[in-house]
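I have placed the structure first, in the form of structure tokens, so that the comments after it can refer back to it.
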Amino acid sequence: MMDITKLTAYETVKRIKSGEIGVKETLLSYLKKIEEREDLIKTFILIDRDRAIKKAEELDQLEHKEGLLFGLPVAIKDNINVYGYEATAGSKILKGYVSLYDASVVESIKRENGIILGKTNCDEFAMGSSTENSAFFPTRNPVNLEYVPGGSSGGSAACVAAEEVAIAIGSDTGGSIREPAAFCGVVGLKPTYGRVSRYGLIAFASSLDVIGPLSKDVRDAALMLNVIAGFDAHDETTVDIKVDDYLDILEGNIKGKKIGVIKEVMDFEVQKELKDALESSIQKLKGEGCEILEISIPYLKYALPSYYIIAPSEASSNLARFDGVRYGYESDGAYLREFYENTRTEGFGDEVKRRILIGTFALSEGYFEDYYLKASKVRRIIEMDFENAFEQVDALILPTTATTAFKLNEKKSPLEMYMTDIFTIPVNLAGLPAISVPAGTDKAGLPVGVQLVGKWFEEALLLRIAHHIEE
Amino acid sequence: MYKPTIGLEIHLQLMTESKIFCSCSTEFAAKPNTHICPVCIGLPGALPVLNEKVIEYGVMLGIALNCTINEVSSFYRKNYFYPDLPKGYQITQYAIPLAKDGFLEIVTENQRKMIRIEKAHIEEDSGKSIHTGDITESEYSFIDFNRSGVPLMEIVTYPDIESPDEAYEFLNLLRSIARYLGVSTGDMEKGALRCDVNISVSKDEVMGTKVEIKNLNSFRSVKRALEYEIKRQTKLIEEGRTVVKETRHFDEKDGTTKAMRTKEELNDYRYFPEPDLPPLIISGDFIEEIGQRIPELPNQKMRRFIEDYSLSIDYARSIAYVPSFSKYFESIIAFTGKPREVANFIMVNISNYLNETGKDIEEVPFGKEEFKELLDLIDSKIISLNIAKNVLDDSIRSGKSPSEIVREKGLSQVTDEDTLRSMIVEVLKENEMQVRQYLAGKTKVIGFLVGAVMKKSGGKANPDLVNKILLKELETLRQ
Amino acid sequence: MSKFDIEKVERLAGLKLKDDERERIKRDIDEIINYFDILKEVDTDGIDPLVYTKWTRLTLRNDEVHTGLTLEEIKKNRKLFGNNFFRVRRIIGE
Ligand SMILES: [Zn+2]
């Protein structure tokens with residue numbers, strides 16, 4: 001008998017529509033898989049079997065099997081609102097908060113008849129690179145349980161890698177989709193900033209946050225992008241630029257496309273297997289008729305400090321609403337100030353508190369110019385670097401991370417942890433689309449990822465190139 | 001020489017149907033927390049979307065205040081914790097406001113004066129905190145978020161105001177302009193207009209210390225608070241004591257200001273660009289189009305009423321500042337002429353009627369036809385001006401036309417000379433003393449005698465004729 | 001001497017750390033803030049800060065009223081008091 005959970009999302013929907021497999025049948029296979037593996041990996045914060053089964057039964061009754069995701073179970077990162085479910089963003093401060101509305105991406109998935117299966121674990125407020133910062137429990141890498149799945153969308157990456165779901169939604173502020181995708185050996189797509197609505201995504205850093213899919217292959221990423229991309233009247237930062245049919249364009253050739261290799265990447269220490277994987281991807285592209293050019297992003301190394309000022313600054317303001325008054329965790333105090341301080345100090349974890357404090361400092365009187373403003377100017381310079389690069393090439397290729405997954409509790413200092421994101425962060429600062437695709441394993445058997453970066457709003461070409469290098 | 005320097009900071013609610021960043025209703029006095037949504041109570045993940053009407057109204061007001069409209073302006077976050085501020089920040093404008101560098105010209109006691117406006121920007125209101133009993137004593141405060149996200153325009157003047165009267169007049173004019181434009185009701189009691197003031201008193205050109213006063217609930221409170229504060233600061237300076245830079249609360253009950261008893265809070269709002277809202281771009285065409293929709297404003301109207309119709313400043317202002325009054329006034333005089341008489345009737349008789357009945361001027365059942373009739377009765381000397389006032393009062397209340405009232409009540413003037421003469425003879429007999437005084441050269445008593453005749457006639461005697469005949473009769477007596 | 005006055009920043013941020021926690025977190029933050037100094041190497045004269053990508057355009061919403069949340073929904077997250085008010089501890093104290 002066929003194991004449905006081995007299918008890609010695209011194949012699953014196709015077979016459901018052809019009547020080969022049923023919606024409930026599909027869902028039950030995934031639920032069975034979850035039962036087998038979830039205790040070890042712990043990817044979900046919430047699973048609603050009953051509501052999912054009920055929805056599946058409803059869909060099975062339909063005569064017309066319409067919708068791009070018809071009958072497909074989808075997992076949603078817990079920092080995204082799904083009506084009626086708790087949305088904790090991995091934080092104690094949001095424990096008990098019930099979403100009173102659907103995020104726009106969730107609305108789109110529901111409209112295309114996808115089934116929301118549950119909410120996945122993440123670093124608290126998406127701040128982290130290992131999912132160890134979840135207030136509830138760490139998620140483990142399905143490839144090797146001693147290792148982290150990456151983060152912050154670690155739950156979403158791990159549940160796809162563990163075949164507990166065919167596709168999941170994550171969010172990426174500085175690499176939070178691509179890094180866990182690389183660590184778990186799945187595909188992770190971060191669309192252009194403004195391509196996918198953020199409405200309903202619990203904000204970490206508003207000018208950097210992007211929602212995107214984690215999937216088994218590039219085709220599935222294209223399928224999900226078809227569902228979630230486009231202008232949204234609820235999000236003033238979405239852009240009204242034509243959305244392609246990303247499935248349709250996937251197959252064409254990439255002959256003559258110019259691919260840039262960033263010179264400055266090699267200034268950083270990169271694990272040997274990752275360099276090798278990058279090289280073999282480059283060879284593949286050459287084989288497809290692409291032209292490889294060395295290009296320069298001179299200010300690449302300043303991306304990390306710039307990001308770690310801007311993101312916490314915005315976060316310090318975005319997280320001010322968690323005051324215990326209207327929802328979520330509430331402590332007590334004799335008077336208001338004490339109530340706030342107790343609620344927030346008890347409700348937030350260490351990393352979140354660190355970033356709130358850094359951000360508050362960076363915006364405060366006397367430091368605003370030297371920190372927030374300086375970082376925002378450097379951000380402009382980095383964006384200009386990319387703009388220059390894209391005058392010469394159609395896409396860039398670089399490693400997703402400098403190393404493969406690390407062990408739980410291995411990284412000690414916060415700064416050391418921040419360095420994990422050196423190759424993903426610059427892309428967020430510039431707002432560009434990027435994708436991480438699996439490119440083999442290291443000698444420990446841990447997955448290796450290669451990252452492609454495309455021009456603004458040109459996800460179509462980006463996906464096509466990615467499709468050619470994936471295994 | 002002590003001289004006060006006053007600046008105003010006014011928050012005007014723009015009268016949109018929905019809030020500035022979400023589609024919740026702006027209805028006043030609704031049941032608590034019934035006009036709220038994910039955006040305006042700051043649920044995680046909700047995002048603001050700007051209401052186009054707010055921009056339209058903001059630009060309109062900016063132009064009316066003679067401001068330059070910034071074609072590109074931007075939104076910032078002002079960060080601070082307060083329970084009625086659901087997001088922990090207020091979305092406002094900071095570096096580049098919607099409008100800047102304007103002015104309003106006010107008129108007080110025949111003095112014209114320019115008050116410069118530094119800026120006018122749009123922002124969201126916060127919710128409302130309700131404290132049971134004393135704020136320092138009650139165990140809990142209660143929050144209603146219905147107001148959260150209501151659109152406001154904040155208008156900041158330069159410290160060009162030099163007296164409580166000027167402050168009062170500035171507010172009065174500003175509110176009137178907002179009403180003419182239809183952008184705000186300016187009702188202070190409904191929170192649609194709020195005003196904080198900054199005041200310092202300088203002595204012999206030495207700048208004083210700026211004190212801020214809050215909790216001003218009416219224009220009268222603004223005036224009273226300023227009067228009190230000028231006295232207080234002057235006294236401190238006279239006594240050689242220092243004025244403390246602080247925020248004071250006005251106490252409505254005793255008319256004093258008191259220092260606010262709060263713990264020293266860190267004031268660092270950490271303004272930074274609101275990443276959820278790209279810059280607001282307004283085209284020159286849009287500004288021009290809005291500019292063309294601005295009607296004649298109350299200060300222009302007032303000047304016209306004074307210059308063209310010779311109305312007194314008080315009457316001109318009272319009529320010009322209330323859109324419904326000036327509309328009524330102008331529709332009548334376009335038909336009848338005689339603006340001074342009409343203004344007088346409106347400000348005395350019709351105002352009284354409105355006060356008594358609580359009605360709006362639109363509901364007054366006395367239009368241009370009735371006015372014409374009334375003014376014709378006066379013109380053709382059928383009734384006197386005094387009788388006309390009674391006829392007007394009667395007509396509004398009974399719904400009868402002025403001529404009908406004159407006819408039914410027999411109010412037409414007595415012009416028959418024989419009738420008048422016999423009345424006058426009687427009056428002269430009854431007032432022998434005054435007659436003697438008159439004949440002795442004290443001609444002033446003629447007024448008394450005319451009055452007596454008028455009284456005897458029930459006010460209907462034609463005063464000119466009475467005068468003429470009376471003088472003749474007195475001369476006869478002299479001989 | 002560190003320029004990072006943690007107690008002042010805590011106050012602005014609505015946090016109050018325990019003493020041992022404060023020490024540890026301050027150490028981390030000092031290290032991070034020192035690392036930021038590398039940005040001083042970048043000449044940013046005449047450069048506009050980047051907050052919004054060049055693609056974003058503000059779109060305006062029609063002034064239309066839609067129903068928002070019901071009291072029942074709000075109560076799923078917080079108990080309301082009196083005539084359906086949110087309730088907080090008294091504002092002034094200490
Ligand atoms: Zn609302």
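A note on labels: chains of the structure tokens are A, B, ... as shown, every chain counts residues from 1, and ligands are counted from 1 in their shown order.
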
Range 191-194 of chain A: which residues within 8 Å, counting only C-alpha atoms, same-chain residues fewer than 2 positions away excluded, as an mmCIF file with all heavy atoms, in the first residue's frame?
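Saved file selection_34.cif follows:
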data_model
loop_
_atom_site.group_PDB
_atom_site.id
_atom_site.type_symbol
_atom_site.label_atom_id
_atom_site.label_comp_id
_atom_site.auth_asym_id
_atom_site.auth_seq_id
_atom_site.Cartn_x
_atom_site.Cartn_y
_atom_site.Cartn_z
ATOM 1 N N LEU A 189 11.283 28.747 1.484
ATOM 2 C CA LEU A 189 11.206 29.918 0.616
ATOM 3 C C LEU A 189 10.837 31.164 1.412
ATOM 4 O O LEU A 189 9.830 31.203 2.110
ATOM 5 C CB LEU A 189 10.147 29.700 -0.474
ATOM 6 C CG LEU A 189 9.789 30.928 -1.322
ATOM 7 C CD1 LEU A 189 10.962 31.357 -2.197
ATOM 8 C CD2 LEU A 189 8.552 30.655 -2.184
ATOM 9 N N VAL A 196 3.921 38.763 0.263
ATOM 10 C CA VAL A 196 2.938 37.989 1.023
ATOM 11 C C VAL A 196 2.492 38.827 2.218
ATOM 12 O O VAL A 196 3.313 39.434 2.899
ATOM 13 C CB VAL A 196 3.548 36.651 1.509
ATOM 14 C CG1 VAL A 196 2.553 35.887 2.377
ATOM 15 C CG2 VAL A 196 4.002 35.803 0.328
ATOM 16 N N SER A 197 1.202 38.847 2.444
ATOM 17 C CA SER A 197 0.662 39.663 3.530
ATOM 18 C C SER A 197 1.169 39.218 4.894
ATOM 19 O O SER A 197 1.222 38.033 5.197
ATOM 20 C CB SER A 197 -0.868 39.584 3.527
ATOM 21 O OG SER A 197 -1.370 40.228 4.685
ATOM 22 N N LEU A 208 11.072 43.645 8.298
ATOM 23 C CA LEU A 208 11.876 42.500 7.854
ATOM 24 C C LEU A 208 11.070 41.203 7.754
ATOM 25 O O LEU A 208 11.415 40.314 6.976
ATOM 26 C CB LEU A 208 13.030 42.281 8.846
ATOM 27 C CG LEU A 208 14.043 43.426 8.978
ATOM 28 C CD1 LEU A 208 14.768 43.360 10.313
ATOM 29 C CD2 LEU A 208 15.049 43.371 7.842
ATOM 30 N N ASP A 209 10.027 41.069 8.550
ATOM 31 C CA ASP A 209 9.241 39.828 8.610
ATOM 32 C C ASP A 209 8.609 39.469 7.265
ATOM 33 O O ASP A 209 8.003 40.321 6.615
ATOM 34 C CB ASP A 209 8.066 39.982 9.597
ATOM 35 C CG ASP A 209 8.487 40.205 11.043
ATOM 36 O OD1 ASP A 209 9.634 39.915 11.384
ATOM 37 O OD2 ASP A 209 7.623 40.664 11.832
ATOM 38 N N VAL A 210 8.726 38.211 6.902
ATOM 39 C CA VAL A 210 8.051 37.708 5.698
ATOM 40 C C VAL A 210 7.538 36.297 5.988
ATOM 41 O O VAL A 210 8.208 35.523 6.663
ATOM 42 C CB VAL A 210 9.010 37.648 4.488
ATOM 43 C CG1 VAL A 210 8.280 37.171 3.243
ATOM 44 C CG2 VAL A 210 9.632 39.007 4.219
ATOM 45 N N ILE A 211 6.358 35.982 5.478
ATOM 46 C CA ILE A 211 5.801 34.637 5.625
ATOM 47 C C ILE A 211 6.138 33.821 4.379
ATOM 48 O O ILE A 211 6.114 34.350 3.268
ATOM 49 C CB ILE A 211 4.264 34.715 5.809
ATOM 50 C CG1 ILE A 211 3.926 35.322 7.175
ATOM 51 C CG2 ILE A 211 3.623 33.329 5.664
ATOM 52 C CD1 ILE A 211 2.440 35.515 7.427
ATOM 53 N N GLY A 212 6.423 32.541 4.570
ATOM 54 C CA GLY A 212 6.695 31.686 3.407
ATOM 55 C C GLY A 212 6.548 30.222 3.774
ATOM 56 O O GLY A 212 6.384 29.874 4.937
ATOM 57 N N PHE A 231 -1.132 41.242 -3.298
ATOM 58 C CA PHE A 231 -1.493 42.432 -2.521
ATOM 59 C C PHE A 231 -2.627 42.119 -1.547
ATOM 60 O O PHE A 231 -3.528 41.356 -1.868
ATOM 61 C CB PHE A 231 -1.942 43.527 -3.502
ATOM 62 C CG PHE A 231 -2.508 44.741 -2.823
ATOM 63 C CD1 PHE A 231 -1.665 45.669 -2.230
ATOM 64 C CD2 PHE A 231 -3.878 44.944 -2.771
ATOM 65 C CE1 PHE A 231 -2.193 46.791 -1.595
ATOM 66 C CE2 PHE A 231 -4.404 46.064 -2.140
ATOM 67 C CZ PHE A 231 -3.555 46.988 -1.552
ATOM 68 N N THR A 237 2.077 47.217 3.582
ATOM 69 C CA THR A 237 3.409 46.999 3.022
ATOM 70 C C THR A 237 3.401 45.935 1.922
ATOM 71 O O THR A 237 4.444 45.656 1.344
ATOM 72 C CB THR A 237 4.436 46.610 4.109
ATOM 73 O OG1 THR A 237 4.011 45.416 4.766
ATOM 74 C CG2 THR A 237 4.571 47.721 5.140
ATOM 75 N N THR A 238 2.227 45.351 1.639
ATOM 76 C CA THR A 238 2.196 44.456 0.477
ATOM 77 C C THR A 238 2.190 45.323 -0.779
ATOM 78 O O THR A 238 1.748 46.470 -0.762
ATOM 79 C CB THR A 238 0.962 43.530 0.445
ATOM 80 O OG1 THR A 238 -0.227 44.310 0.547
ATOM 81 C CG2 THR A 238 1.014 42.521 1.571
ATOM 82 N N VAL A 239 2.704 44.751 -1.845
ATOM 83 C CA VAL A 239 2.901 45.515 -3.072
ATOM 84 C C VAL A 239 2.036 44.938 -4.179
ATOM 85 O O VAL A 239 1.926 43.726 -4.329
ATOM 86 C CB VAL A 239 4.396 45.486 -3.471
ATOM 87 C CG1 VAL A 239 4.617 46.253 -4.756
ATOM 88 C CG2 VAL A 239 5.242 46.079 -2.350
ATOM 89 N N ASN A 428 17.297 39.672 4.089
ATOM 90 C CA ASN A 428 16.142 40.328 4.725
ATOM 91 C C ASN A 428 16.313 41.837 4.744
ATOM 92 O O ASN A 428 15.350 42.580 4.533
ATOM 93 C CB ASN A 428 15.969 39.834 6.159
ATOM 94 C CG ASN A 428 15.588 38.370 6.213
ATOM 95 O OD1 ASN A 428 16.432 37.493 6.044
ATOM 96 N ND2 ASN A 428 14.304 38.104 6.408
ATOM 97 N N GLY A 431 15.324 42.973 1.555
ATOM 98 C CA GLY A 431 13.941 42.625 1.203
ATOM 99 C C GLY A 431 13.816 41.695 0.009
ATOM 100 O O GLY A 431 12.761 41.612 -0.612
ATOM 101 N N LEU A 432 14.898 41.012 -0.325
ATOM 102 C CA LEU A 432 14.920 40.169 -1.522
ATOM 103 C C LEU A 432 14.283 38.793 -1.279
ATOM 104 O O LEU A 432 14.224 38.327 -0.156
ATOM 105 C CB LEU A 432 16.376 39.964 -1.960
ATOM 106 C CG LEU A 432 17.090 41.203 -2.493
ATOM 107 C CD1 LEU A 432 18.600 41.017 -2.418
ATOM 108 C CD2 LEU A 432 16.640 41.493 -3.930
ATOM 109 N N PRO A 433 13.860 38.113 -2.375
ATOM 110 C CA PRO A 433 13.381 36.743 -2.228
ATOM 111 C C PRO A 433 14.562 35.768 -2.230
ATOM 112 O O PRO A 433 15.547 36.012 -2.915
ATOM 113 C CB PRO A 433 12.517 36.537 -3.478
ATOM 114 C CG PRO A 433 13.155 37.406 -4.512
ATOM 115 C CD PRO A 433 13.740 38.594 -3.766
ATOM 116 N N ALA A 434 14.434 34.714 -1.445
ATOM 117 C CA ALA A 434 15.512 33.724 -1.406
ATOM 118 C C ALA A 434 14.939 32.363 -1.058
ATOM 119 O O ALA A 434 13.865 32.257 -0.466
ATOM 120 C CB ALA A 434 16.570 34.127 -0.376
ATOM 121 N N TRP A 456 14.061 41.394 -6.705
ATOM 122 C CA TRP A 456 12.806 41.753 -6.054
ATOM 123 C C TRP A 456 11.607 41.341 -6.919
ATOM 124 O O TRP A 456 11.543 41.658 -8.111
ATOM 125 C CB TRP A 456 12.746 43.262 -5.798
ATOM 126 C CG TRP A 456 13.699 43.720 -4.742
ATOM 127 C CD1 TRP A 456 13.490 43.731 -3.400
ATOM 128 C CD2 TRP A 456 15.020 44.250 -4.938
ATOM 129 N NE1 TRP A 456 14.598 44.230 -2.746
ATOM 130 C CE2 TRP A 456 15.551 44.558 -3.655
ATOM 131 C CE3 TRP A 456 15.820 44.476 -6.065
ATOM 132 C CZ2 TRP A 456 16.823 45.098 -3.470
ATOM 133 C CZ3 TRP A 456 17.092 45.016 -5.874
ATOM 134 C CH2 TRP A 456 17.577 45.324 -4.600
ATOM 135 N N PHE A 457 10.702 40.617 -6.323
ATOM 136 C CA PHE A 457 9.446 40.176 -6.940
ATOM 137 C C PHE A 457 9.636 39.222 -8.122
ATOM 138 O O PHE A 457 8.713 38.969 -8.864
ATOM 139 C CB PHE A 457 8.565 41.376 -7.340
ATOM 140 C CG PHE A 457 8.164 42.179 -6.145
ATOM 141 C CD1 PHE A 457 8.857 43.325 -5.789
ATOM 142 C CD2 PHE A 457 7.109 41.755 -5.341
ATOM 143 C CE1 PHE A 457 8.510 44.044 -4.654
ATOM 144 C CE2 PHE A 457 6.758 42.471 -4.204
ATOM 145 C CZ PHE A 457 7.457 43.621 -3.859
ATOM 146 N N GLU A 459 10.204 35.945 -7.979
ATOM 147 C CA GLU A 459 10.196 34.597 -7.414
ATOM 148 C C GLU A 459 10.099 33.543 -8.511
ATOM 149 O O GLU A 459 10.561 32.419 -8.342
ATOM 150 C CB GLU A 459 9.013 34.419 -6.450
ATOM 151 C CG GLU A 459 9.185 35.061 -5.086
ATOM 152 C CD GLU A 459 8.789 36.526 -5.058
ATOM 153 O OE1 GLU A 459 8.440 37.081 -6.121
ATOM 154 O OE2 GLU A 459 8.824 37.124 -3.965
ATOM 155 N N THR C 56 7.069 49.858 -1.914
ATOM 156 C CA THR C 56 5.843 50.026 -1.121
ATOM 157 C C THR C 56 5.177 51.376 -1.367
ATOM 158 O O THR C 56 5.819 52.403 -1.466
ATOM 159 C CB THR C 56 6.118 49.911 0.391
ATOM 160 O OG1 THR C 56 7.238 50.724 0.707
ATOM 161 C CG2 THR C 56 6.384 48.495 0.810
#

What are the residues of chain B that have an atom within 7 Å of an atom of chain A, counting only C-alpha atoms, as a CSV table (one decimal) with N, CA, C and O atoms, in the first residue's frame?
chain,number,residue,atom,x,y,z
B,42,GLY,N,-5.1,46.3,19.5
B,42,GLY,CA,-3.7,45.8,19.4
B,42,GLY,C,-3.6,44.3,19.6
B,42,GLY,O,-2.7,43.9,20.4
B,44,PRO,N,-2.3,40.7,18.7
B,44,PRO,CA,-1.0,40.4,18.0
B,44,PRO,C,-1.3,40.2,16.5
B,44,PRO,O,-2.2,39.5,16.2
B,45,GLY,N,-0.4,40.7,15.7
B,45,GLY,CA,-0.5,40.5,14.2
B,45,GLY,C,-1.4,41.4,13.5
B,45,GLY,O,-1.3,41.4,12.2
B,46,ALA,N,-2.2,42.3,14.1
B,46,ALA,CA,-3.1,43.2,13.4
B,46,ALA,C,-2.3,44.4,12.9
B,46,ALA,O,-1.3,44.8,13.5
B,47,LEU,N,-2.7,44.9,11.7
B,47,LEU,CA,-1.9,46.0,11.1
B,47,LEU,C,-2.9,47.2,10.7
B,47,LEU,O,-4.0,47.0,10.4
B,49,VAL,N,-4.4,50.3,8.6
B,49,VAL,CA,-4.7,50.7,7.2
B,49,VAL,C,-5.4,52.1,7.2
B,49,VAL,O,-6.4,52.3,7.9
B,79,ASN,N,6.4,55.7,21.7
B,79,ASN,CA,6.3,54.6,22.6
B,79,ASN,C,6.2,55.0,24.0
B,79,ASN,O,7.0,55.7,24.5
B,86,PRO,N,-3.4,50.6,23.6
B,86,PRO,CA,-3.3,49.2,23.5
B,86,PRO,C,-2.0,48.6,22.9
B,86,PRO,O,-1.6,47.5,23.2
B,87,LYS,N,-1.4,49.3,22.0
B,87,LYS,CA,-0.2,48.8,21.3
B,87,LYS,C,1.1,49.1,22.1
B,87,LYS,O,2.1,48.6,21.7
B,88,GLY,N,1.0,49.9,23.1
B,88,GLY,CA,2.2,50.4,23.7
B,88,GLY,C,2.9,51.5,23.0
B,88,GLY,O,4.0,51.9,23.3
B,268,ASP,N,10.8,59.5,27.5
B,268,ASP,CA,11.7,59.2,26.4
B,268,ASP,C,10.8,58.3,25.5
B,268,ASP,O,10.6,57.1,25.7
B,270,ARG,N,11.0,57.5,22.4
B,270,ARG,CA,11.7,56.7,21.4
B,270,ARG,C,11.0,56.6,20.0
B,270,ARG,O,10.6,55.6,19.5
B,275,PRO,N,7.1,51.2,10.7
B,275,PRO,CA,7.4,50.3,9.6
B,275,PRO,C,6.1,49.8,8.9
B,275,PRO,O,6.2,49.4,7.7
B,276,ASP,N,5.0,49.8,9.6
B,276,ASP,CA,3.8,49.3,9.0
B,276,ASP,C,3.1,50.2,8.0
B,276,ASP,O,2.1,49.8,7.3
B,277,LEU,N,3.5,51.5,8.0
B,277,LEU,CA,2.8,52.5,7.2
B,277,LEU,C,3.9,53.2,6.3
B,277,LEU,O,4.6,54.1,6.8
B,278,PRO,N,3.9,52.9,5.0
B,278,PRO,CA,4.8,53.7,4.1
B,278,PRO,C,4.5,55.1,4.1
B,278,PRO,O,3.4,55.5,4.6

Who sits within 6 Å of range 37-52 of chain C, only C-alpha atoms, same chain under 4 positions skipped, as a PyMOL selection string: chain A and resi 376-377+380

Contacts to ligand 1 at 8 Å cut-off (only C-alpha atoms and all ligand atoms) as an MDAnalysis selection string: (chainID B and resid 19 21:25 35:41 148:149) or (chainID C and resid 68)

Using N, CA and C atoms, can you export the residues from the last selection as a CSV table (one decimal), in the first residue's frame?
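As written to disk, again01.csv reads:
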chain,number,residue,atom,x,y,z
B,19,LYS,N,-12.8,54.6,12.2
B,19,LYS,CA,-11.5,55.0,12.8
B,19,LYS,C,-10.4,55.3,11.8
B,21,PHE,N,-7.4,53.8,11.5
B,21,PHE,CA,-6.6,52.7,10.9
B,21,PHE,C,-7.4,51.4,10.9
B,22,CYS,N,-8.7,51.5,11.2
B,22,CYS,CA,-9.5,50.3,11.1
B,22,CYS,C,-11.0,50.7,10.8
B,23,SER,N,-11.8,49.7,10.6
B,23,SER,CA,-13.2,50.0,10.2
B,23,SER,C,-14.2,50.1,11.3
B,24,CYS,N,-13.7,50.2,12.5
B,24,CYS,CA,-14.7,50.4,13.6
B,24,CYS,C,-15.3,51.7,13.6
B,25,SER,N,-16.6,51.7,14.1
B,25,SER,CA,-17.3,53.0,14.2
B,25,SER,C,-16.7,54.0,15.2
B,35,HIS,N,-17.1,48.9,20.0
B,35,HIS,CA,-16.5,49.4,18.7
B,35,HIS,C,-15.0,49.1,18.7
B,36,ILE,N,-14.7,47.8,18.8
B,36,ILE,CA,-13.3,47.5,18.8
B,36,ILE,C,-13.0,46.3,17.9
B,37,CYS,N,-11.8,46.2,17.4
B,37,CYS,CA,-11.4,45.1,16.5
B,37,CYS,C,-10.0,44.7,16.8
B,38,PRO,N,-9.4,43.7,16.1
B,38,PRO,CA,-8.0,43.3,16.3
B,38,PRO,C,-7.1,44.5,16.2
B,39,VAL,N,-7.3,45.4,15.2
B,39,VAL,CA,-6.4,46.5,15.0
B,39,VAL,C,-6.4,47.5,16.2
B,40,CYS,N,-7.6,48.0,16.6
B,40,CYS,CA,-7.6,49.1,17.6
B,40,CYS,C,-7.5,48.6,19.0
B,41,ILE,N,-7.5,47.3,19.3
B,41,ILE,CA,-7.1,46.9,20.6
B,41,ILE,C,-5.8,46.2,20.6
B,148,SER,N,-10.2,54.3,21.1
B,148,SER,CA,-8.9,54.0,20.6
B,148,SER,C,-8.9,53.9,19.1
B,149,GLY,N,-8.1,54.7,18.5
B,149,GLY,CA,-8.1,54.7,17.0
B,149,GLY,C,-9.0,55.8,16.3
C,68,GLY,N,-16.8,44.9,14.3
C,68,GLY,CA,-15.5,44.3,14.8
C,68,GLY,C,-15.8,43.1,15.6

Residue list for chain B near chain C as a PyMOL selection string, 8 Å, only C-alpha atoms: chain B and resi 16-18+23-25+31-38+49-53+80-81+83+135-144+262-263+266+268+273+275+277-281

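DSSP annotation of range 195-344 of chain B from backbone atoms: strand (DSSP E) residues are B:Cys195, B:Asp196, B:Val197, B:Asn198, B:Ile199, B:Ser200, B:Val201, B:Ser202, B:Lys203, B:Val211, B:Glu212, B:Ile213, B:Lys214, B:Thr247, B:Arg248, B:His249, B:Phe250, B:Asp251, B:Thr256, B:Thr257, B:Lys258, B:Ala259, B:Phe272, B:Pro273, B:Leu280, B:Ile281.
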
Filtered DSSP result for chain C, state alpha helix (DSSP H), as a PyMOL selection string: chain C and resi 6-13+19-36+71-77

Which of A:Gly128, A:Pro142, A:Gly347, A:Pro213 sits closest to Leu15 in chain C [using only C-alpha atoms]: A:Gly347
